[in-house]
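Accompanying notes for the structure given below.
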Amino acid sequence: MIIIKKNKDYKSVYDCNNSISDYNLVIFIKKNDYKYSRFGFTAAKKIKKAVDRNLIRRRLKEIVRQREHKIKEGYDIVLMARVNAVESDYRSLESSFVKLMKRKNLFKGM
RNA sequence: UGAGUAAAUUAUACAAUCGCAUGCCUAGCAUGAGGAAAGUCCGAGCUCCAUAGAGCAGGGUGCCGGGUAACCCCCGGUGAGGGUGACCUCAAGGACAGUGCAACAGAAAGAAACCGCCCCGCACCCAAGGUGCGAGGUAAGGAUGGAAAGGUGAGGUAAGAGCUCACCGGCAAUCAGGCGACUGGUUGGCCAUGUAAACCCCACCCGGAGCAAGACCAAAAAAGGACCUUGGAGUGGCUGCUCGUCACGGUCCAAAUGGUAGGUCGCUUGAGUCUGCCGGCAACGGCAAACCUAGAUAGAUGAUUGUUUAAUACAGAACUCGGCUUAUGUAUUUACUCACCAA
RNA sequence: GCGCUAUAGCCAAGUGGUAAGGCACAGGUCUGCAACACCUAGAUCUCCAGUUCGAAUCUGGAUGGCGCCU
């Protein structure tokens, strides 16, 4: 799994204006020129506690890791946690992610 | 049995699979967040600024003794306050060095006569006596206030008053005990409020910035002209001012007013942890032996399943330590106090 | 890592003794009805302790908000 590191890259993904959201998550998507997809995980300071931010980021990483082979190549994908994600458990985050990715048609063979 | 006081332990266990970070004898092993990692409220190490300097200003600490690298910390005492008690709390030097403040109320807020009380003189009323005016004495009583000039009781007096006496409180001298804060006794005179977390006085302490400190490697950028100045001035660093010191020549014109921002070190062996013995009431110290226990750089700990009564609260390392403060679940232990009951 | 700040809905003054003022809002007077003007009302001075006779003010702690260094 390749993780987006530069602030500039995050900015360029946000500026693409291609996003989709639900109660837990916002997903930003941009096509890149590589033969692989890159992922970014963010939890803003709006979520006050450091423990909660870390936990959500780790859960999102785990969700992506388990489905990495199913996702189409050539995209920059940023997962942003909303404030409501604090109260959500792993299962609901997982279902949110799957639902949103399906809607954007980013899974292989669908 | 009930109520309470003080202290201590415990903190996502164990197993399996997948995944992440670091290390290595490199392909599978080992290790992998906290008691507060937090707040940044104190104190240090470390780095750079001068080998960290002088004076003033400014800030901090403030009963005594001890501990410590150091401390607004800790331990043990003293005094004061609270609690029936176990025990708990306290920024606790100085108000005869000086200055200020004490609103409102009250006669008066530092030395006071408003009412009252008492005596004397004069006038009036029929007398005892009363009323009015004048001159004094008086801090016992009243009213105000947080505070009214030591408190309570007795004697004393025209009425009163430390005026006298007893006890208590305070002050001074002296003796004894204690390293000391202070405690106890004796004697004396009879005493001018509170506030210093108001200015201040006294004693002691304090240079500044902070790992985004700082060091190294690689890459990029740096070009010109004119005038002034030679030992004084200016700019910048050293919190403020004065000195001192270090670095840089300065001003104007023209051009530009942007880009890059990667790697290595600092970075974890340290006032370290743990066990035993010794010293000390204790904080803590000494000796011996064993151990190595996160080190990332967009930032590593998550997911699933099983077991047990349960796996839950507060909460996530970012240079490192010693404290303080604040947040917090469950279960348990020890010592002690009070009340009631029974023997 | 280092700082600043909190007073009514908003902007705010306040050097220990009754918490000024303006805007807004509400009620009243005025008017045929409004506006203007005038009068009135509205405060846990962010919270918890301490010092003091007395605290928005002084001291300690907590909470919220904002800023700076790359």
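Ordering of the structure tokens sets the chain letters (A, B, ...); residue numbers start at 1 within each chain; ligands are numbered from 1 in the order shown.
Every protein, DNA or RNA residue with an atom at most 7 Å from range 65-78 of chain A, where only C-alpha atoms (C1' of nucleotides) count and chain neighbours fewer than 5 positions away do not, is listed here: Ile27, Phe28, Ile29, Lys30, Lys31, Asn32, Asp33, Tyr34, Lys35, Tyr36, Ser37, Arg38, Phe39, Gly40, Phe41, Leu106, Phe107 and Lys108 of chain A.
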I want to know what sits within 12 Å of A8 in chain C, based on only C-alpha atoms (C1' of nucleotides), with residues of the same chain fewer than 5 positions away left out; could you give that as a ChimeraX atom specification? /C:19,24-25,42-43,45
Test item, strand (DSSP E or B) assignment across chain A, answer as an MDAnalysis selection string = chainID A and resid 2:3 19:21 25:31 38:43 71 75:81 107
Which residues, written as a PyMOL selection string, have at least one atom at most 12 Å from A15 in chain B, with only C-alpha atoms (C1' of nucleotides) counted and residues fewer than 3 positions away on the same chain left out? chain B and resi 305-307
- Pull out every residue of chain A sitting within 6 Å of chain B, counting only C-alpha atoms (C1' of nucleotides), and send them as a PyMOL selection string. chain A and resi 5+51+58
Saved selection, atoms kept: N, CA and C atoms, as a PDB file, in the first residue's frame:
```
ATOM      1  N   LYS A   5       2.179  11.249   0.929  1.00  0.00           N
ATOM      2  CA  LYS A   5       2.924  11.873   2.022  1.00  0.00           C
ATOM      3  C   LYS A   5       2.950  13.385   1.946  1.00  0.00           C
ATOM      4  N   VAL A  51      -6.254  10.193  20.797  1.00  0.00           N
ATOM      5  CA  VAL A  51      -6.498   8.762  20.797  1.00  0.00           C
ATOM      6  C   VAL A  51      -7.540   8.403  19.747  1.00  0.00           C
ATOM      7  N   ARG A  58      -6.113   4.229  12.013  1.00  0.00           N
ATOM      8  CA  ARG A  58      -5.645   2.842  11.966  1.00  0.00           C
ATOM      9  C   ARG A  58      -6.727   1.914  11.425  1.00  0.00           C
TER      10      ARG A  58
END
```
